[in-house]
Amino acid sequence: MSTINVALLGFGTVGQGVCEAIDTHQDRLKEVLGKEVKIKAILIKDPAKQREIDPSIRVTTEYKDILDIPDLHVIFEAIVGEEPSYTYLSKAIKKGIHIITANKAMFAKYGPDLLEKASKNRVSVGFEATTAGGIPVIGTIRQLLKVNEIQSIQGILNGTSNFILSQMRTRELSFATALQESQEKGYAEADPTNDIEGYDAFYKLLILSQTAFGRQPDWKDIRRKGISHLTSEWLQAAESFRLRFKHVGSLERDGSNDIKGEVEPILVHDTHPFYGVENVENAISLKGSLVGRITLLGPGAGKCPTGSAMVEDFLSLIQGKYTISPESTVNREDVQEDSRRQWVLRIRENEEYQSWLTLFTLKDRIQLGGDLYVFVEGRKEDLRSLLQSHEHIQAVSILNEIPLENEVKEGVAVS
Ligand SMILES: NC(=O)c1ccc[n+]([C@@H]2O[C@H](COP(=O)([O-])OP(=O)(O)OC[C@H]3O[C@@H](n4cnc5c(N)ncnc54)[C@H](OP(=O)(O)O)[C@@H]3O)[C@@H](O)[C@H]2O)c1
């Protein structure tokens, strides 16, 4: 039986997951592909680390050794950061080797370039594992795009921040304590900035945009906000309105075909599918022109889910199922404007509010400590001018029941 030769770059959580998935599913791979899959070599950084690796697999710190493997078909990349990943993968593509990556920070920046290079060199790029771990969102978008146009995407894309928010709410923990627990459990890195300040979700959102719309919005136009400013009081106040804070990335194409994107904590109503997404789970909601709204839930990270995503990519790629998604268009009439929205406002003690509150419909209110929290509905323009004239008032918008038309919130701040 002939073989498909592969190599791994990185042997951490994800690299080991890929290795295990190939090892434990060799029979299944043979059945589907009619070929044996052979891991020829693994690239690592630190040769002194103890590792359990089959002695028939070459372990090296030199990338040249990988490129010199005769008849190498596919490289799985699971190392960290933009470089040397981008350079390594560019060289692989030039040699006609297919690539599969889990590296979101690298792919958000260099994905368009790698896809173009791959297209010129007639090789494929798999990147399912860069976004939402085990949830097959990239494959779902590719499938939908055969007929649908994707109009909007929303997602809980970072499991660590979702875990922290769940713990703060259910156990009334402070942000610092919940973060420390997430580090002890191995969810957050020693430097948690990427997770808690929204960078990780930001990278994933850009990759989703590239896949669904064939391009990315300008990075500086995407509002990115993390969760480190949220307090347990905010979460309790929200709960009393049957609302929960979730860190959500959103993308929407408007009538002029511009892509708008935000990454920030917003409030989710209990009728919304994101409401019950707890701890390290991820969720993604896609709106297609024909299919309507689809929501996918599942594990957003981890050795097995991410290994599974990369090996699924491998199968699709070897079976020739990957094509680069075409740029599609959206009709102006598909974009509906709804001028009345819902928000929760936090009003400091002594802040005068009776006069302007008449601009909104008051749905509920709760006093917590020295602050009044009000749940209101009204026009976005009124909220905007209120926030401009009352700098102590803070507002968070609400992601409501399906269908989710998350019209977002210029000038709305939470602190
Ligand atoms: N962890 C997850 O659940 C998850 C999910 C989706 C995507 N990802 C992405 O997948 C990638 C890998 O994540 P991970 O969690 O597996 O990381 P990890 O556990 O820290 O492992 C990283 C691996 O890459 C190797 N490496 C790092 N820099 C290298 C270099 N310059 N040359 C050669 N090898 C190098 C390390 O070598 P040594 O072993 O010698 O140190 C290690 O084996 C990241 O880009 C991450 O964002 C992770």
# chains A, B, ... in the order shown; residues from 1 in each chain; ligands from 1
$ select_by_dssp --residues "stretch 203-256 of chain A" --states "strand (DSSP E)" --output "MDAnalysis selection string"
chainID A and resid 223:224 243:253
$ residues_near_ligand --ligand "ligand 1" --cutoff "8 Å" --atoms "only C-alpha atoms and all ligand atoms" --output "ChimeraX atom specification"
/A:9-16,43-49,61-63,77-81,83-85,101-106,129-133,300-303,305-306
$ write_last_selection --atoms "N, CA and C atoms" --output "tab-separated table (two decimals), in the first residue's frame"
chain	number	residue	atom	x	y	z
A	9	LEU	N	5.15	20.32	12.69
A	9	LEU	CA	5.96	21.39	13.27
A	9	LEU	C	5.34	21.67	14.64
A	10	GLY	N	6.07	21.34	15.70
A	10	GLY	CA	5.57	21.53	17.07
A	10	GLY	C	5.03	20.23	17.64
A	11	PHE	N	5.39	20.00	18.89
A	11	PHE	CA	4.89	18.80	19.58
A	11	PHE	C	4.44	19.19	20.99
A	12	GLY	N	3.60	20.24	21.04
A	12	GLY	CA	2.99	20.65	22.31
A	12	GLY	C	1.59	20.03	22.37
A	13	THR	N	0.66	20.76	22.98
A	13	THR	CA	-0.70	20.26	23.13
A	13	THR	C	-1.28	19.82	21.77
A	14	VAL	N	-1.20	20.70	20.78
A	14	VAL	CA	-1.84	20.42	19.50
A	14	VAL	C	-1.05	19.38	18.69
A	15	GLY	N	0.28	19.53	18.64
A	15	GLY	CA	1.10	18.57	17.90
A	15	GLY	C	0.87	17.16	18.41
A	16	GLN	N	0.83	17.01	19.73
A	16	GLN	CA	0.59	15.67	20.30
A	16	GLN	C	-0.82	15.17	19.95
A	43	LEU	N	9.29	18.63	14.09
A	43	LEU	CA	10.17	19.75	14.43
A	43	LEU	C	9.85	20.25	15.82
A	44	ILE	N	10.87	20.37	16.66
A	44	ILE	CA	10.67	20.93	18.01
A	44	ILE	C	11.71	22.04	18.22
A	45	LYS	N	11.62	22.70	19.38
A	45	LYS	CA	12.56	23.79	19.65
A	45	LYS	C	13.62	23.36	20.65
A	46	ASP	N	13.15	22.67	21.68
A	46	ASP	CA	14.05	22.34	22.80
A	46	ASP	C	14.42	20.85	22.77
A	47	PRO	N	15.64	20.54	22.33
A	47	PRO	CA	16.01	19.12	22.20
A	47	PRO	C	16.18	18.42	23.55
A	48	ALA	N	16.26	19.20	24.64
A	48	ALA	CA	16.49	18.59	25.95
A	48	ALA	C	15.21	18.04	26.58
A	49	LYS	N	14.04	18.44	26.04
A	49	LYS	CA	12.76	17.98	26.64
A	49	LYS	C	12.56	16.49	26.44
A	61	THR	N	15.47	19.82	15.30
A	61	THR	CA	15.28	21.26	15.56
A	61	THR	C	15.57	22.06	14.28
A	62	GLU	N	15.90	21.37	13.19
A	62	GLU	CA	16.28	22.04	11.94
A	62	GLU	C	15.16	21.92	10.91
A	63	TYR	N	14.60	23.05	10.49
A	63	TYR	CA	13.50	23.00	9.53
A	63	TYR	C	13.96	22.42	8.18
A	77	GLU	N	1.20	22.34	10.99
A	77	GLU	CA	1.95	23.35	11.76
A	77	GLU	C	1.23	23.69	13.06
A	78	ALA	N	1.91	23.46	14.19
A	78	ALA	CA	1.31	23.76	15.50
A	78	ALA	C	2.38	24.36	16.41
A	79	ILE	N	3.04	25.42	15.91
A	79	ILE	CA	3.96	26.15	16.78
A	79	ILE	C	3.33	27.49	17.11
A	80	VAL	N	4.06	28.35	17.78
A	80	VAL	CA	3.42	29.52	18.37
A	80	VAL	C	3.98	30.81	17.76
A	81	GLY	N	3.10	31.77	17.46
A	81	GLY	CA	3.55	33.09	17.00
A	81	GLY	C	3.68	33.18	15.49
A	83	GLU	N	6.21	34.26	13.54
A	83	GLU	CA	7.45	33.72	12.98
A	83	GLU	C	8.09	32.76	13.97
A	84	PRO	N	8.73	31.71	13.49
A	84	PRO	CA	9.09	31.43	12.09
A	84	PRO	C	7.99	30.73	11.28
A	85	SER	N	6.78	30.60	11.85
A	85	SER	CA	5.73	29.83	11.16
A	85	SER	C	5.50	30.30	9.72
A	101	THR	N	-2.65	24.31	9.34
A	101	THR	CA	-2.16	25.07	10.49
A	101	THR	C	-3.22	25.25	11.57
A	102	ALA	N	-2.73	25.37	12.83
A	102	ALA	CA	-3.61	25.70	13.97
A	102	ALA	C	-3.28	27.10	14.49
A	103	ASN	N	-2.30	27.74	13.85
A	103	ASN	CA	-1.70	28.95	14.41
A	103	ASN	C	-2.48	30.21	14.02
A	104	LYS	N	-3.41	30.61	14.89
A	104	LYS	CA	-4.34	31.70	14.55
A	104	LYS	C	-3.65	33.06	14.44
A	105	ALA	N	-2.68	33.33	15.35
A	105	ALA	CA	-2.03	34.65	15.32
A	105	ALA	C	-1.31	34.83	13.99
A	106	MET	N	-0.63	33.77	13.55
A	106	MET	CA	0.07	33.82	12.25
A	106	MET	C	-0.93	33.90	11.10
A	129	ALA	N	-8.45	24.36	12.41
A	129	ALA	CA	-8.09	24.37	13.82
A	129	ALA	C	-7.74	25.75	14.36
A	130	THR	N	-7.60	26.74	13.46
A	130	THR	CA	-7.27	28.08	13.96
A	130	THR	C	-8.46	28.71	14.70
A	131	THR	N	-9.67	28.24	14.39
A	131	THR	CA	-10.86	28.93	14.89
A	131	THR	C	-11.81	27.96	15.57
A	132	ALA	N	-11.99	28.16	16.86
A	132	ALA	CA	-12.98	27.39	17.64
A	132	ALA	C	-12.67	25.89	17.70
A	133	GLY	N	-11.38	25.55	17.75
A	133	GLY	CA	-10.92	24.19	18.03
A	133	GLY	C	-11.68	23.10	17.31
A	300	GLY	N	-13.82	24.53	22.23
A	300	GLY	CA	-13.08	25.51	21.43
A	300	GLY	C	-11.58	25.32	21.44
A	301	ALA	N	-11.08	24.36	22.21
A	301	ALA	CA	-9.63	24.16	22.29
A	301	ALA	C	-9.36	22.79	22.88
A	302	GLY	N	-8.08	22.50	23.10
A	302	GLY	CA	-7.70	21.24	23.73
A	302	GLY	C	-7.05	20.28	22.75
A	303	LYS	N	-6.33	19.33	23.31
A	303	LYS	CA	-5.53	18.41	22.50
A	303	LYS	C	-6.39	17.62	21.50
A	305	PRO	N	-9.84	17.83	20.58
A	305	PRO	CA	-10.66	18.57	19.61
A	305	PRO	C	-9.82	19.23	18.52
A	306	THR	N	-8.68	19.82	18.90
A	306	THR	CA	-7.87	20.53	17.89
A	306	THR	C	-7.18	19.52	16.98
$ closest_residue --among "A:Ile99, A:Val248, A:Ala176, A:Ala190" --to "A:His229" --atoms "only C-alpha atoms"
A:Ala176
$ select_by_dssp --residues "stretch 185-237 of chain A" --states "helix (DSSP H, G or I)" --output "list in words"
Thr193, Asn194, Asp195, Ile196, Tyr199, Asp200, Ala201, Phe202, Tyr203, Lys204, Leu205, Leu206, Ile207, Leu208, Ser209, Gln210, Thr211, Ala212, Phe213, Trp219, Lys220, Asp221, Ser232, Glu233, Trp234, Leu235, Gln236 and Ala237 of chain A
$ closest_residue --among "A:Ile141, A:Ala238, A:Ile69, A:Val263" --to "A:Trp219" --atoms "only C-alpha atoms"
A:Val263
$ closest_atom_pairs --of "stretch 22-56 of chain A" --to "stretch 314-320 of chain A" --cutoff "12 Å" --atoms "only C-alpha atoms" --output "CSV"
residue,atom,partner,partner_atom,distance
A:Ile22,CA,A:Phe314,CA,10.2
A:His25,CA,A:Leu315,CA,11.7
A:Gln26,CA,A:Leu315,CA,12.0
A:Arg28,CA,A:Leu315,CA,10.6
A:Leu29,CA,A:Leu315,CA,7.9
A:Lys30,CA,A:Leu315,CA,10.7
A:Glu31,CA,A:Leu315,CA,11.4
A:Val32,CA,A:Leu315,CA,8.2
A:Leu33,CA,A:Gln319,CA,7.7
A:Gly34,CA,A:Gln319,CA,10.9
A:Lys35,CA,A:Ile318,CA,10.6
A:Val37,CA,A:Phe314,CA,10.4
$ write_last_selection --atoms "N, CA and C atoms" --output "mmCIF file, in the first residue's frame"
data_model
loop_
_atom_site.group_PDB
_atom_site.id
_atom_site.type_symbol
_atom_site.label_atom_id
_atom_site.label_comp_id
_atom_site.auth_asym_id
_atom_site.auth_seq_id
_atom_site.Cartn_x
_atom_site.Cartn_y
_atom_site.Cartn_z
ATOM 1 N N ILE A 22 -3.727 10.592 14.432
ATOM 2 C CA ILE A 22 -3.275 9.785 13.280
ATOM 3 C C ILE A 22 -3.010 8.352 13.735
ATOM 4 N N HIS A 25 -6.319 6.510 14.663
ATOM 5 C CA HIS A 25 -7.314 6.399 13.581
ATOM 6 C C HIS A 25 -6.676 5.932 12.273
ATOM 7 N N GLN A 26 -5.535 5.251 12.391
ATOM 8 C CA GLN A 26 -4.831 4.799 11.183
ATOM 9 C C GLN A 26 -5.729 3.910 10.308
ATOM 10 N N ARG A 28 -8.980 3.854 10.076
ATOM 11 C CA ARG A 28 -10.030 4.680 9.454
ATOM 12 C C ARG A 28 -9.444 5.480 8.282
ATOM 13 N N LEU A 29 -8.246 6.021 8.477
ATOM 14 C CA LEU A 29 -7.604 6.809 7.420
ATOM 15 C C LEU A 29 -7.314 5.926 6.200
ATOM 16 N N LYS A 30 -6.832 4.703 6.475
ATOM 17 C CA LYS A 30 -6.554 3.757 5.376
ATOM 18 C C LYS A 30 -7.829 3.442 4.597
ATOM 19 N N GLU A 31 -8.910 3.249 5.371
ATOM 20 C CA GLU A 31 -10.191 2.897 4.747
ATOM 21 C C GLU A 31 -10.660 4.034 3.823
ATOM 22 N N VAL A 32 -10.537 5.259 4.306
ATOM 23 C CA VAL A 32 -11.051 6.397 3.530
ATOM 24 C C VAL A 32 -10.113 6.765 2.386
ATOM 25 N N LEU A 33 -8.802 6.750 2.665
ATOM 26 C CA LEU A 33 -7.841 7.254 1.667
ATOM 27 C C LEU A 33 -7.226 6.143 0.823
ATOM 28 N N GLY A 34 -7.347 4.911 1.307
ATOM 29 C CA GLY A 34 -6.711 3.792 0.595
ATOM 30 C C GLY A 34 -5.198 3.844 0.708
ATOM 31 N N LYS A 35 -4.685 4.623 1.646
ATOM 32 C CA LYS A 35 -3.240 4.777 1.822
ATOM 33 C C LYS A 35 -2.910 4.855 3.303
ATOM 34 N N VAL A 37 -0.933 6.598 6.396
ATOM 35 C CA VAL A 37 -0.393 7.931 6.684
ATOM 36 C C VAL A 37 0.822 7.759 7.595
#
$ closest_residue --among "A:Ser56, A:Val291, A:Leu387, A:Asp65" --to "A:Gln143" --atoms "only C-alpha atoms"
A:Val291
$ residues_around --residues "A:Asp221" --least-positions-apart "3" --cutoff "9 Å" --atoms "only C-alpha atoms" --output "PDB file with C-alpha atoms, in the first residue's frame"
ATOM      1  CA  PRO A 217     -11.932  44.469   7.389  1.00  0.00           C
ATOM      2  CA  ASP A 218      -9.157  46.938   8.145  1.00  0.00           C
ATOM      3  CA  LYS A 260     -18.037  45.741  10.295  1.00  0.00           C
ATOM      4  CA  GLY A 261     -16.427  43.864  13.148  1.00  0.00           C
ATOM      5  CA  GLU A 262     -16.329  44.077  16.952  1.00  0.00           C
TER       6      GLU A 262
END
$ residues_around --residues "A:Leu290" --least-positions-apart "6" --cutoff "12 Å" --atoms "only C-alpha atoms" --output "PDB file with C-alpha atoms, in the first residue's frame"
ATOM      1  CA  LEU A 144     -22.804  27.084   3.077  1.00  0.00           C
ATOM      2  CA  LEU A 145     -21.006  29.279   0.541  1.00  0.00           C
ATOM      3  CA  LYS A 146     -21.813  26.811  -2.227  1.00  0.00           C
ATOM      4  CA  VAL A 147     -25.298  28.351  -2.304  1.00  0.00           C
ATOM      5  CA  ASN A 148     -25.646  30.915   0.480  1.00  0.00           C
ATOM      6  CA  GLU A 149     -24.117  34.273   1.090  1.00  0.00           C
ATOM      7  CA  ILE A 150     -22.984  34.713   4.652  1.00  0.00           C
ATOM      8  CA  GLN A 151     -24.490  37.908   6.023  1.00  0.00           C
ATOM      9  CA  ASP A 334     -30.864  41.794   2.850  1.00  0.00           C
TER      10      ASP A 334
END
$ residues_around --residues "stretch 113-128 of chain A" --least-positions-apart "4" --cutoff "8 Å" --atoms "only C-alpha atoms" --output "ChimeraX atom specification"
/A:89-90,93-94,96-102,133,136-139,309-310,313-314,317,322-324
$ closest_residue --among "A:Ile75, A:Ala237, A:Met168, A:Leu386" --to "A:Leu372" --atoms "only C-alpha atoms"
A:Ala237
$ residues_around --residues "stretch 157-167 of chain A" --least-positions-apart "2" --cutoff "7 Å" --atoms "only C-alpha atoms" --output "PyMOL selection string"
chain A and resi 132+155+169-171+173+178-179+182+187-188+195-196+200-201+246-249+278-283+300
$ closest_residue --among "A:Ile42, A:Ile53, A:Val6, A:Ile135" --to "A:Val74" --atoms "only C-alpha atoms"
A:Val6
$ residues_around --residues "A:Arg253" --least-positions-apart "2" --cutoff "9 Å" --atoms "only C-alpha atoms" --output "PyMOL selection string"
chain A and resi 150-152+213+251+255-261+330+335
$ write_last_selection --atoms "N, CA and C atoms" --output "CSV table (one decimal), in the first residue's frame"
chain,number,residue,atom,x,y,z
A,150,ILE,N,-23.0,34.5,3.2
A,150,ILE,CA,-23.0,34.7,4.7
A,150,ILE,C,-23.2,36.2,4.9
A,151,GLN,N,-24.2,36.5,5.8
A,151,GLN,CA,-24.5,37.9,6.0
A,151,GLN,C,-23.9,38.4,7.3
A,152,SER,N,-23.9,37.5,8.3
A,152,SER,CA,-23.3,37.9,9.6
A,152,SER,C,-22.8,36.7,10.4
A,213,PHE,N,-16.2,36.0,3.8
A,213,PHE,CA,-16.4,37.2,2.9
A,213,PHE,C,-15.2,37.3,1.9
A,251,LEU,N,-19.3,39.9,13.2
A,251,LEU,CA,-19.0,40.5,11.8
A,251,LEU,C,-20.3,40.7,11.1
A,255,GLY,N,-25.1,47.2,3.6
A,255,GLY,CA,-25.6,47.3,2.3
A,255,GLY,C,-24.6,47.7,1.3
A,256,SER,N,-23.5,48.4,1.7
A,256,SER,CA,-22.5,48.9,0.7
A,256,SER,C,-21.4,47.9,0.7
A,257,ASN,N,-21.6,46.7,1.3
A,257,ASN,CA,-20.7,45.6,1.2
A,257,ASN,C,-19.4,45.8,2.1
A,258,ASP,N,-19.5,46.8,3.0
A,258,ASP,CA,-18.4,47.0,4.0
A,258,ASP,C,-18.6,45.9,5.1
A,259,ILE,N,-17.4,45.5,5.6
A,259,ILE,CA,-17.5,44.5,6.7
A,259,ILE,C,-17.3,45.3,8.0
A,260,LYS,N,-18.2,45.1,9.0
A,260,LYS,CA,-18.0,45.7,10.3
A,260,LYS,C,-17.7,44.6,11.3
A,261,GLY,N,-16.8,44.9,12.2
A,261,GLY,CA,-16.4,43.9,13.1
A,261,GLY,C,-16.2,44.4,14.5
A,330,VAL,N,-23.5,41.0,-1.2
A,330,VAL,CA,-24.8,41.0,-0.4
A,330,VAL,C,-25.7,42.1,-0.9
A,335,VAL,N,-30.1,43.6,4.2
A,335,VAL,CA,-29.7,44.2,5.5
A,335,VAL,C,-30.8,45.0,6.1
$ closest_residue --among "A:Glu172, A:Glu82, A:Glu349, A:Asp71" --to "A:Gln236" --atoms "only C-alpha atoms"
A:Glu172
$ atom_distance --atom1 "atom CA of A:Ile39" --atom2 "atom CA of A:Tyr110"
26.0 Å
$ atom_distance --atom1 "atom CA of A:Phe76" --atom2 "atom CA of A:Gly307"
10.1 Å
$ decode --residues "stretch 239-255 of chain A" --atoms "N, CA and C atoms" --output "JSON list (two decimals), in the first residue's frame"
[["chain", "number", "residue", "atom", "x", "y", "z"],
["A", 239, "GLU", "N", -27.70, 39.31, 35.60],
["A", 239, "GLU", "CA", -28.41, 38.07, 35.89],
["A", 239, "GLU", "C", -29.85, 38.36, 36.37],
["A", 240, "SER", "N", -29.98, 39.46, 37.12],
["A", 240, "SER", "CA", -31.32, 39.76, 37.62],
["A", 240, "SER", "C", -32.25, 40.20, 36.50],
["A", 241, "PHE", "N", -31.69, 40.59, 35.34],
["A", 241, "PHE", "CA", -32.53, 40.91, 34.17],
["A", 241, "PHE", "C", -32.61, 39.72, 33.21],
["A", 242, "ARG", "N", -32.19, 38.56, 33.65],
["A", 242, "ARG", "CA", -32.12, 37.35, 32.80],
["A", 242, "ARG", "C", -31.21, 37.58, 31.60],
["A", 243, "LEU", "N", -30.08, 38.26, 31.90],
["A", 243, "LEU", "CA", -29.08, 38.53, 30.87],
["A", 243, "LEU", "C", -27.73, 38.03, 31.36],
["A", 244, "ARG", "N", -26.86, 37.62, 30.45],
["A", 244, "ARG", "CA", -25.51, 37.20, 30.85],
["A", 244, "ARG", "C", -24.47, 37.88, 29.96],
["A", 245, "PHE", "N", -23.36, 38.25, 30.59],
["A", 245, "PHE", "CA", -22.24, 38.77, 29.81],
["A", 245, "PHE", "C", -21.54, 37.64, 29.09],
["A", 246, "LYS", "N", -21.33, 37.80, 27.80],
["A", 246, "LYS", "CA", -20.51, 36.87, 27.02],
["A", 246, "LYS", "C", -19.54, 37.71, 26.20],
["A", 247, "HIS", "N", -18.35, 37.19, 26.02],
["A", 247, "HIS", "CA", -17.38, 37.90, 25.18],
["A", 247, "HIS", "C", -17.61, 37.43, 23.74],
["A", 248, "VAL", "N", -18.09, 38.36, 22.92],
["A", 248, "VAL", "CA", -18.58, 37.97, 21.59],
["A", 248, "VAL", "C", -17.84, 38.74, 20.49],
["A", 249, "GLY", "N", -17.44, 38.01, 19.47],
["A", 249, "GLY", "CA", -16.91, 38.63, 18.25],
["A", 249, "GLY", "C", -18.03, 38.66, 17.23],
["A", 250, "SER", "N", -18.22, 39.80, 16.55],
["A", 250, "SER", "CA", -19.30, 39.90, 15.55],
["A", 250, "SER", "C", -18.76, 40.46, 14.25],
["A", 251, "LEU", "N", -19.30, 39.95, 13.18],
["A", 251, "LEU", "CA", -18.98, 40.46, 11.84],
["A", 251, "LEU", "C", -20.30, 40.66, 11.11],
["A", 252, "GLU", "N", -20.39, 41.75, 10.38],
["A", 252, "GLU", "CA", -21.61, 41.97, 9.62],
["A", 252, "GLU", "C", -21.26, 42.72, 8.34],
["A", 253, "ARG", "N", -21.91, 42.31, 7.25],
["A", 253, "ARG", "CA", -21.72, 43.05, 6.00],
["A", 253, "ARG", "C", -22.88, 43.99, 5.79],
["A", 254, "ASP", "N", -22.59, 45.26, 5.54],
["A", 254, "ASP", "CA", -23.70, 46.19, 5.38],
["A", 254, "ASP", "C", -24.10, 46.30, 3.91],
["A", 255, "GLY", "N", -25.07, 47.17, 3.64],
["A", 255, "GLY", "CA", -25.61, 47.28, 2.30],
["A", 255, "GLY", "C", -24.58, 47.71, 1.26]]
